[in-house]
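S.K.: Submitted below is the structure of interest, expressed as structure tokens.
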Amino acid sequence: MEIQLNEANTPFNLEHTLSCGQIFRWEKIGEWWYGFVGEKVVRVRQIGGRLLFQAFPENVDIHFIESCFRLDDDLPLILSRINRDRQIDEAIRAFRGLRIVRQEPWECLISYICATNANIPAIRNMILNLSKKFGKKITLDEHDFYTFPKPKDFAQADLEEIKKCKLGFRAERVLEVSRMMEEKEFNLEALRKMGYEEAKGRLMSLPGVGHKVADCVLLFSLGKLEAFPVDIWMKRIILKLYPNHFEQTFVEKILAKRSITPKEYEKISSFGRNYFGEYAGYAQEYLFHSRGHQL
DNA sequence: ACATCCCCTTAGCC
DNA sequence: AGGCTAAGGGGAT
């Protein structure tokens, strides 16, 4: 099946969207990107304004794909709103068509708990190891793929089995969060109806979830587009590109050290939300992808 | 109550 | 080849 993309109304770039570091489990093999939509493996390929896709074991409705890639977002409007200066304009021109992906909250939550103090290749490996050990195998095009495990799969597992997936100190957090979900002590879906602040507060009550992880889950899976995650790269990017929006002593202090305190996080993140507005998360992704490894 | 310091597993990168 | 770093969080002080 395929989706027709109109460049003027629905700009989309599959490559930028899947390789910008927001999502960890999609893989490009040959001309196709392989990933999951729910329990089904899906392969996707873009040729100009055509988005081709096919899911396995059975195909999925076109709306699942549109939803997954947030093709319902009015991207031209969003980009015009966040385009506040020459710096972001440059990023937008370089990566126009990059969209926030609508991930499944559970997988997104575990992914970013694993992302703590790790780099992207390491995160991808953790997620893959967990899926191989606790998920179900599905073979497509002679490649093996594994569904993402359910809370129950981790909750029933032994801590050591989770640690074997190279999670290190994150294993306890994954196990505890899974237990909480399994015992119905926490309702991820309920966060959708809440505002940004309330939903963030709830998420941060979970072990392994601080400001950064909560903002990523809110942005990438719960549709809170004002969320502005600040990792070590975003910290550098913001303080280098927008130093005049902060006190000079603050900029020097923060750039000199590696990690930041919750208060310092809030200062940088709320700048992002206020400066870029209701779609600040999109601005964050464009800046992250364009400047991420140059500073 | 509130800040600051320090540790945490592992693997990628240089 | 070995030291540093990484889409940070939490607990002790």
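Letters A, B, ... mark the chains of the structure tokens in the order given; residue numbers begin at 1 per chain; ligand numbers begin at 1, in order shown.
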Which residues of chain B are close to chain A, meaning at most 10 Å apart when you count only C-alpha atoms (C1' of nucleotides), and how do they look as an mmCIF file with all heavy atoms, in the first residue's frame?

M.R.:
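Output file selection-v3.cif follows:
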```cif
data_model
loop_
_atom_site.group_PDB
_atom_site.id
_atom_site.type_symbol
_atom_site.label_atom_id
_atom_site.label_comp_id
_atom_site.auth_asym_id
_atom_site.auth_seq_id
_atom_site.Cartn_x
_atom_site.Cartn_y
_atom_site.Cartn_z
ATOM 1 P P DA B 3 17.502 24.307 45.752
ATOM 2 O OP1 DA B 3 17.387 25.524 44.960
ATOM 3 O OP2 DA B 3 16.967 23.031 45.252
ATOM 4 O "O5'" DA B 3 19.018 24.024 46.138
ATOM 5 C "C5'" DA B 3 20.033 24.965 45.959
ATOM 6 C "C4'" DA B 3 21.320 24.361 46.469
ATOM 7 O "O4'" DA B 3 21.026 23.308 47.406
ATOM 8 C "C3'" DA B 3 22.169 23.741 45.361
ATOM 9 O "O3'" DA B 3 23.469 24.279 45.440
ATOM 10 C "C2'" DA B 3 22.132 22.238 45.659
ATOM 11 C "C1'" DA B 3 21.840 22.177 47.147
ATOM 12 N N9 DA B 3 21.095 20.975 47.547
ATOM 13 C C8 DA B 3 19.785 20.673 47.302
ATOM 14 N N7 DA B 3 19.388 19.532 47.799
ATOM 15 C C5 DA B 3 20.522 19.036 48.421
ATOM 16 C C6 DA B 3 20.772 17.858 49.135
ATOM 17 N N6 DA B 3 19.843 16.918 49.353
ATOM 18 N N1 DA B 3 22.020 17.666 49.623
ATOM 19 C C2 DA B 3 22.947 18.617 49.401
ATOM 20 N N3 DA B 3 22.834 19.764 48.745
ATOM 21 C C4 DA B 3 21.582 19.916 48.278
ATOM 22 P P DT B 4 24.429 24.304 44.210
ATOM 23 O OP1 DT B 4 25.086 25.624 44.178
ATOM 24 O OP2 DT B 4 23.673 23.808 43.061
ATOM 25 O "O5'" DT B 4 25.514 23.215 44.605
ATOM 26 C "C5'" DT B 4 25.974 23.146 45.950
ATOM 27 C "C4'" DT B 4 26.650 21.809 46.168
ATOM 28 O "O4'" DT B 4 25.688 20.808 46.561
ATOM 29 C "C3'" DT B 4 27.370 21.258 44.927
ATOM 30 O "O3'" DT B 4 28.691 20.961 45.304
ATOM 31 C "C2'" DT B 4 26.559 20.020 44.563
ATOM 32 C "C1'" DT B 4 25.987 19.599 45.912
ATOM 33 N N1 DT B 4 24.728 18.801 45.866
ATOM 34 C C2 DT B 4 24.649 17.622 46.580
ATOM 35 O O2 DT B 4 25.566 17.191 47.242
ATOM 36 N N3 DT B 4 23.447 16.974 46.505
ATOM 37 C C4 DT B 4 22.331 17.376 45.788
ATOM 38 O O4 DT B 4 21.301 16.715 45.786
ATOM 39 C C5 DT B 4 22.479 18.611 45.048
ATOM 40 C C7 DT B 4 21.332 19.139 44.246
ATOM 41 C C6 DT B 4 23.652 19.250 45.126
ATOM 42 P P DC B 8 30.287 2.601 41.967
ATOM 43 O OP1 DC B 8 30.528 1.487 42.879
ATOM 44 O OP2 DC B 8 31.327 3.088 41.037
ATOM 45 O "O5'" DC B 8 28.997 2.261 41.094
ATOM 46 C "C5'" DC B 8 27.705 2.202 41.711
ATOM 47 C "C4'" DC B 8 26.653 2.346 40.639
ATOM 48 O "O4'" DC B 8 26.622 3.715 40.189
ATOM 49 C "C3'" DC B 8 26.937 1.495 39.400
ATOM 50 O "O3'" DC B 8 25.850 0.623 39.177
ATOM 51 C "C2'" DC B 8 27.073 2.493 38.267
ATOM 52 C "C1'" DC B 8 26.352 3.726 38.807
ATOM 53 N N1 DC B 8 26.869 5.000 38.263
ATOM 54 C C2 DC B 8 25.967 5.951 37.805
ATOM 55 O O2 DC B 8 24.762 5.708 37.849
ATOM 56 N N3 DC B 8 26.441 7.130 37.319
ATOM 57 C C4 DC B 8 27.761 7.353 37.289
ATOM 58 N N4 DC B 8 28.179 8.519 36.805
ATOM 59 C C5 DC B 8 28.697 6.390 37.756
ATOM 60 C C6 DC B 8 28.221 5.238 38.229
ATOM 61 P P DT B 9 25.989 -0.886 39.653
ATOM 62 O OP1 DT B 9 24.705 -1.190 40.242
ATOM 63 O OP2 DT B 9 27.235 -1.013 40.431
ATOM 64 O "O5'" DT B 9 26.154 -1.750 38.335
ATOM 65 C "C5'" DT B 9 27.307 -1.678 37.548
ATOM 66 C "C4'" DT B 9 26.897 -1.927 36.117
ATOM 67 O "O4'" DT B 9 26.544 -0.667 35.512
ATOM 68 C "C3'" DT B 9 27.986 -2.532 35.224
ATOM 69 O "O3'" DT B 9 27.374 -3.610 34.486
ATOM 70 C "C2'" DT B 9 28.388 -1.402 34.303
ATOM 71 C "C1'" DT B 9 27.081 -0.627 34.197
ATOM 72 N N1 DT B 9 27.205 0.781 33.805
ATOM 73 C C2 DT B 9 26.416 1.248 32.768
ATOM 74 O O2 DT B 9 25.651 0.545 32.157
ATOM 75 N N3 DT B 9 26.573 2.564 32.481
ATOM 76 C C4 DT B 9 27.419 3.447 33.097
ATOM 77 O O4 DT B 9 27.480 4.622 32.738
ATOM 78 C C5 DT B 9 28.210 2.910 34.169
ATOM 79 C C7 DT B 9 29.151 3.776 34.922
ATOM 80 C C6 DT B 9 28.063 1.620 34.465
ATOM 81 P P DT B 10 28.253 -4.658 33.605
ATOM 82 O OP1 DT B 10 27.450 -5.872 33.474
ATOM 83 O OP2 DT B 10 29.626 -4.684 34.144
ATOM 84 O "O5'" DT B 10 28.311 -3.941 32.178
ATOM 85 C "C5'" DT B 10 27.118 -3.802 31.435
ATOM 86 C "C4'" DT B 10 27.381 -2.891 30.263
ATOM 87 O "O4'" DT B 10 27.694 -1.570 30.724
ATOM 88 C "C3'" DT B 10 28.564 -3.306 29.387
ATOM 89 O "O3'" DT B 10 28.036 -3.805 28.173
ATOM 90 C "C2'" DT B 10 29.384 -2.023 29.202
ATOM 91 C "C1'" DT B 10 28.467 -0.940 29.739
ATOM 92 N N1 DT B 10 29.145 0.219 30.371
ATOM 93 C C2 DT B 10 28.912 1.479 29.866
ATOM 94 O O2 DT B 10 28.188 1.671 28.910
ATOM 95 N N3 DT B 10 29.561 2.488 30.520
ATOM 96 C C4 DT B 10 30.412 2.374 31.605
ATOM 97 O O4 DT B 10 30.946 3.354 32.106
ATOM 98 C C5 DT B 10 30.609 1.026 32.082
ATOM 99 C C7 DT B 10 31.495 0.782 33.261
ATOM 100 C C6 DT B 10 29.972 0.025 31.458
ATOM 101 P P DA B 11 28.996 -4.487 27.110
ATOM 102 O OP1 DA B 11 28.196 -5.571 26.521
ATOM 103 O OP2 DA B 11 30.330 -4.736 27.680
ATOM 104 O "O5'" DA B 11 29.127 -3.324 26.028
ATOM 105 C "C5'" DA B 11 27.954 -2.704 25.533
ATOM 106 C "C4'" DA B 11 28.326 -1.471 24.747
ATOM 107 O "O4'" DA B 11 28.836 -0.464 25.637
ATOM 108 C "C3'" DA B 11 29.411 -1.680 23.695
ATOM 109 O "O3'" DA B 11 29.145 -0.808 22.629
ATOM 110 C "C2'" DA B 11 30.669 -1.245 24.430
ATOM 111 C "C1'" DA B 11 30.105 -0.039 25.177
ATOM 112 N N9 DA B 11 30.887 0.366 26.336
ATOM 113 C C8 DA B 11 31.536 -0.425 27.234
ATOM 114 N N7 DA B 11 32.147 0.248 28.177
ATOM 115 C C5 DA B 11 31.884 1.570 27.880
ATOM 116 C C6 DA B 11 32.251 2.775 28.503
ATOM 117 N N6 DA B 11 33.001 2.831 29.597
ATOM 118 N N1 DA B 11 31.817 3.929 27.935
ATOM 119 C C2 DA B 11 31.062 3.858 26.827
ATOM 120 N N3 DA B 11 30.659 2.784 26.161
ATOM 121 C C4 DA B 11 31.106 1.661 26.745
ATOM 122 P P DG B 12 29.475 -1.227 21.124
ATOM 123 O OP1 DG B 12 28.245 -1.857 20.617
ATOM 124 O OP2 DG B 12 30.769 -1.941 21.069
ATOM 125 O "O5'" DG B 12 29.643 0.191 20.430
ATOM 126 C "C5'" DG B 12 28.698 1.204 20.710
ATOM 127 C "C4'" DG B 12 29.372 2.554 20.700
ATOM 128 O "O4'" DG B 12 30.089 2.772 21.933
ATOM 129 C "C3'" DG B 12 30.389 2.733 19.577
ATOM 130 O "O3'" DG B 12 30.188 4.002 18.992
ATOM 131 C "C2'" DG B 12 31.741 2.652 20.292
ATOM 132 C "C1'" DG B 12 31.396 3.239 21.654
ATOM 133 N N9 DG B 12 32.246 2.790 22.748
ATOM 134 C C8 DG B 12 32.527 1.495 23.101
ATOM 135 N N7 DG B 12 33.300 1.400 24.152
ATOM 136 C C5 DG B 12 33.554 2.713 24.507
ATOM 137 C C6 DG B 12 34.337 3.246 25.573
ATOM 138 O O6 DG B 12 34.982 2.629 26.425
ATOM 139 N N1 DG B 12 34.327 4.638 25.590
ATOM 140 C C2 DG B 12 33.647 5.416 24.682
ATOM 141 N N2 DG B 12 33.747 6.736 24.848
ATOM 142 N N3 DG B 12 32.908 4.933 23.683
ATOM 143 C C4 DG B 12 32.908 3.585 23.655
#
```

S.K.: Report as JSON, numbers by chain: the residues of stretch 23-233 of chain A with a DSSP assignment of helix (DSSP H, G or I), based on the backbone of this structure.

M.R.: {"A": [62, 63, 64, 65, 66, 67, 68, 75, 76, 77, 78, 79, 80, 81, 82, 86, 87, 88, 89, 90, 91, 92, 93, 94, 95, 105, 106, 107, 108, 109, 110, 111, 112, 113, 114, 120, 121, 122, 123, 124, 125, 126, 127, 128, 129, 130, 131, 132, 133, 134, 151, 152, 153, 154, 155, 159, 160, 161, 162, 163, 164, 165, 166, 167, 170, 171, 172, 173, 174, 175, 176, 177, 178, 179, 180, 181, 182, 189, 190, 191, 192, 193, 196, 197, 198, 199, 200, 201, 202, 203, 211, 212, 213, 214, 215, 216, 217, 218, 219, 220, 221, 232, 233]}

S.K.: Could you please tell me, as a PDB file with all heavy atoms, in the first residue's frame, which residues of chain C have an atom within 7 Å of chain A when using only C-alpha atoms (C1' of nucleotides)?

M.R.:
```
ATOM      1  P    DA C   6      29.494  13.434  26.400  1.00  0.00           P
ATOM      2  OP1  DA C   6      29.354  14.497  25.401  1.00  0.00           O
ATOM      3  OP2  DA C   6      29.426  13.752  27.836  1.00  0.00           O
ATOM      4  O5'  DA C   6      28.408  12.317  26.079  1.00  0.00           O
ATOM      5  C5'  DA C   6      28.423  11.673  24.828  1.00  0.00           C
ATOM      6  C4'  DA C   6      27.606  10.391  24.888  1.00  0.00           C
ATOM      7  O4'  DA C   6      28.214   9.465  25.811  1.00  0.00           O
ATOM      8  C3'  DA C   6      26.153  10.572  25.352  1.00  0.00           C
ATOM      9  O3'  DA C   6      25.333   9.758  24.528  1.00  0.00           O
ATOM     10  C2'  DA C   6      26.185  10.060  26.794  1.00  0.00           C
ATOM     11  C1'  DA C   6      27.221   8.964  26.702  1.00  0.00           C
ATOM     12  N9   DA C   6      27.912   8.623  27.951  1.00  0.00           N
ATOM     13  C8   DA C   6      28.410   9.462  28.900  1.00  0.00           C
ATOM     14  N7   DA C   6      29.031   8.856  29.899  1.00  0.00           N
ATOM     15  C5   DA C   6      28.930   7.519  29.559  1.00  0.00           C
ATOM     16  C6   DA C   6      29.381   6.350  30.192  1.00  0.00           C
ATOM     17  N6   DA C   6      30.071   6.353  31.348  1.00  0.00           N
ATOM     18  N1   DA C   6      29.117   5.171  29.593  1.00  0.00           N
ATOM     19  C2   DA C   6      28.447   5.182  28.433  1.00  0.00           C
ATOM     20  N3   DA C   6      27.973   6.214  27.743  1.00  0.00           N
ATOM     21  C4   DA C   6      28.250   7.360  28.365  1.00  0.00           C
ATOM     22  P    DA C   7      24.697  10.522  23.219  1.00  0.00           P
ATOM     23  OP1  DA C   7      24.587   9.339  22.362  1.00  0.00           O
ATOM     24  OP2  DA C   7      25.431  11.733  22.837  1.00  0.00           O
ATOM     25  O5'  DA C   7      23.218  11.034  23.542  1.00  0.00           O
ATOM     26  C5'  DA C   7      22.309  10.188  24.199  1.00  0.00           C
ATOM     27  C4'  DA C   7      21.452  11.047  25.128  1.00  0.00           C
ATOM     28  O4'  DA C   7      20.569  11.819  24.311  1.00  0.00           O
ATOM     29  C3'  DA C   7      20.554  10.250  26.073  1.00  0.00           C
ATOM     30  O3'  DA C   7      20.388  11.005  27.264  1.00  0.00           O
ATOM     31  C2'  DA C   7      19.277  10.174  25.313  1.00  0.00           C
ATOM     32  C1'  DA C   7      19.233  11.549  24.678  1.00  0.00           C
ATOM     33  N9   DA C   7      18.443  11.621  23.456  1.00  0.00           N
ATOM     34  C8   DA C   7      18.130  10.592  22.605  1.00  0.00           C
ATOM     35  N7   DA C   7      17.432  10.955  21.581  1.00  0.00           N
ATOM     36  C5   DA C   7      17.263  12.329  21.765  1.00  0.00           C
ATOM     37  C6   DA C   7      16.604  13.304  21.014  1.00  0.00           C
ATOM     38  N6   DA C   7      15.973  13.060  19.880  1.00  0.00           N
ATOM     39  N1   DA C   7      16.623  14.546  21.500  1.00  0.00           N
ATOM     40  C2   DA C   7      17.267  14.788  22.635  1.00  0.00           C
ATOM     41  N3   DA C   7      17.938  13.952  23.424  1.00  0.00           N
ATOM     42  C4   DA C   7      17.893  12.731  22.922  1.00  0.00           C
ATOM     43  P    DG C   8      21.816  11.086  28.293  1.00  0.00           P
ATOM     44  OP1  DG C   8      22.563  12.336  28.106  1.00  0.00           O
ATOM     45  OP2  DG C   8      22.482   9.802  28.100  1.00  0.00           O
ATOM     46  O5'  DG C   8      21.317  11.088  29.785  1.00  0.00           O
ATOM     47  C5'  DG C   8      20.441  12.061  30.344  1.00  0.00           C
ATOM     48  C4'  DG C   8      19.756  11.370  31.487  1.00  0.00           C
ATOM     49  O4'  DG C   8      20.766  10.692  32.255  1.00  0.00           O
ATOM     50  C3'  DG C   8      19.032  12.277  32.461  1.00  0.00           C
ATOM     51  O3'  DG C   8      17.875  11.599  32.880  1.00  0.00           O
ATOM     52  C2'  DG C   8      20.036  12.517  33.556  1.00  0.00           C
ATOM     53  C1'  DG C   8      20.763  11.168  33.598  1.00  0.00           C
ATOM     54  N9   DG C   8      22.152  11.231  34.036  1.00  0.00           N
ATOM     55  C8   DG C   8      23.040  12.241  33.801  1.00  0.00           C
ATOM     56  N7   DG C   8      24.218  12.010  34.308  1.00  0.00           N
ATOM     57  C5   DG C   8      24.087  10.776  34.923  1.00  0.00           C
ATOM     58  C6   DG C   8      25.036  10.000  35.635  1.00  0.00           C
ATOM     59  O6   DG C   8      26.223  10.284  35.883  1.00  0.00           O
ATOM     60  N1   DG C   8      24.495   8.796  36.086  1.00  0.00           N
ATOM     61  C2   DG C   8      23.213   8.385  35.858  1.00  0.00           C
ATOM     62  N2   DG C   8      22.869   7.193  36.345  1.00  0.00           N
ATOM     63  N3   DG C   8      22.315   9.106  35.183  1.00  0.00           N
ATOM     64  C4   DG C   8      22.821  10.278  34.747  1.00  0.00           C
ATOM     65  P    DG C   9      16.905  12.059  34.028  1.00  0.00           P
ATOM     66  OP1  DG C   9      15.542  11.721  33.600  1.00  0.00           O
ATOM     67  OP2  DG C   9      17.252  13.439  34.406  1.00  0.00           O
ATOM     68  O5'  DG C   9      17.285  11.086  35.221  1.00  0.00           O
ATOM     69  C5'  DG C   9      17.117   9.674  35.032  1.00  0.00           C
ATOM     70  C4'  DG C   9      17.297   8.944  36.344  1.00  0.00           C
ATOM     71  O4'  DG C   9      18.700   8.949  36.711  1.00  0.00           O
ATOM     72  C3'  DG C   9      16.540   9.563  37.518  1.00  0.00           C
ATOM     73  O3'  DG C   9      15.947   8.510  38.257  1.00  0.00           O
ATOM     74  C2'  DG C   9      17.613  10.310  38.298  1.00  0.00           C
ATOM     75  C1'  DG C   9      18.876   9.515  37.988  1.00  0.00           C
ATOM     76  N9   DG C   9      20.090  10.321  37.922  1.00  0.00           N
ATOM     77  C8   DG C   9      20.256  11.529  37.298  1.00  0.00           C
ATOM     78  N7   DG C   9      21.471  11.999  37.376  1.00  0.00           N
ATOM     79  C5   DG C   9      22.157  11.035  38.095  1.00  0.00           C
ATOM     80  C6   DG C   9      23.519  10.982  38.499  1.00  0.00           C
ATOM     81  O6   DG C   9      24.413  11.808  38.286  1.00  0.00           O
ATOM     82  N1   DG C   9      23.802   9.828  39.221  1.00  0.00           N
ATOM     83  C2   DG C   9      22.890   8.835  39.499  1.00  0.00           C
ATOM     84  N2   DG C   9      23.345   7.798  40.194  1.00  0.00           N
ATOM     85  N3   DG C   9      21.614   8.870  39.136  1.00  0.00           N
ATOM     86  C4   DG C   9      21.326   9.992  38.439  1.00  0.00           C
TER      87       DG C   9
END
```

S.K.: Go through A:Leu130, A:Leu287, A:Met194, A:Leu5 and flag the residue nearest A:Glu90, using only C-alpha atoms for the distances.

M.R.: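 Once distances to A:Glu90 are computed over only C-alpha atoms, the minimum belongs to A:Leu287.
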
S.K.: Mind checking which residues fall within 7 Å of A:Gln103, counting only C-alpha atoms (C1' of nucleotides), ignoring those fewer than 2 positions away in the same chain, and posting them as a VMD selection string?

M.R.: chain A and resid 68 101 105 108 220 to 221

S.K.: Those selected residues, please, written with N, CA, C and O atoms and delivered as a PDB file, in the first residue's frame.

M.R.:
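So again06.pdb came out as:
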```pdb
ATOM      1  N   CYS A  68       1.531   6.825  13.118  1.00  0.00           N
ATOM      2  CA  CYS A  68       2.891   6.533  13.560  1.00  0.00           C
ATOM      3  C   CYS A  68       3.849   7.664  13.216  1.00  0.00           C
ATOM      4  O   CYS A  68       4.671   8.073  14.036  1.00  0.00           O
ATOM      5  N   VAL A 101       7.917  11.197  15.877  1.00  0.00           N
ATOM      6  CA  VAL A 101       7.210   9.934  15.704  1.00  0.00           C
ATOM      7  C   VAL A 101       6.283   9.701  16.896  1.00  0.00           C
ATOM      8  O   VAL A 101       6.590  10.085  18.008  1.00  0.00           O
ATOM      9  N   PRO A 105       3.681   4.411  24.232  1.00  0.00           N
ATOM     10  CA  PRO A 105       4.191   4.928  25.505  1.00  0.00           C
ATOM     11  C   PRO A 105       5.024   3.921  26.295  1.00  0.00           C
ATOM     12  O   PRO A 105       6.060   4.283  26.851  1.00  0.00           O
ATOM     13  N   CYS A 108       8.393   3.433  24.691  1.00  0.00           N
ATOM     14  CA  CYS A 108       9.117   4.697  24.771  1.00  0.00           C
ATOM     15  C   CYS A 108       9.651   4.923  26.188  1.00  0.00           C
ATOM     16  O   CYS A 108      10.800   5.337  26.374  1.00  0.00           O
ATOM     17  N   PHE A 220       7.636  12.132  22.622  1.00  0.00           N
ATOM     18  CA  PHE A 220       7.702  11.104  21.585  1.00  0.00           C
ATOM     19  C   PHE A 220       6.564  10.093  21.631  1.00  0.00           C
ATOM     20  O   PHE A 220       6.396   9.311  20.703  1.00  0.00           O
ATOM     21  N   SER A 221       5.808  10.063  22.725  1.00  0.00           N
ATOM     22  CA  SER A 221       4.744   9.051  22.783  1.00  0.00           C
ATOM     23  C   SER A 221       3.411   9.587  23.268  1.00  0.00           C
ATOM     24  O   SER A 221       2.390   8.956  23.047  1.00  0.00           O
TER      25      SER A 221
END
```

S.K.: Between atom CA of A:Ile65 and atom CA of A:Ile78, what distance in Å does the model show, to one decimal?

M.R.: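 Separation of atom CA of A:Ile65 and atom CA of A:Ile78: 20.1 Å.
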
S.K.: Leaving out A:Asn274 and any residue of its chain fewer than 5 positions from it, which residues lie within 12 Å of it when counting only C-alpha atoms (C1' of nucleotides), given as a PyMOL selection string?

M.R.: chain A and resi 82+84+226-228+245+266-269+279-281+283
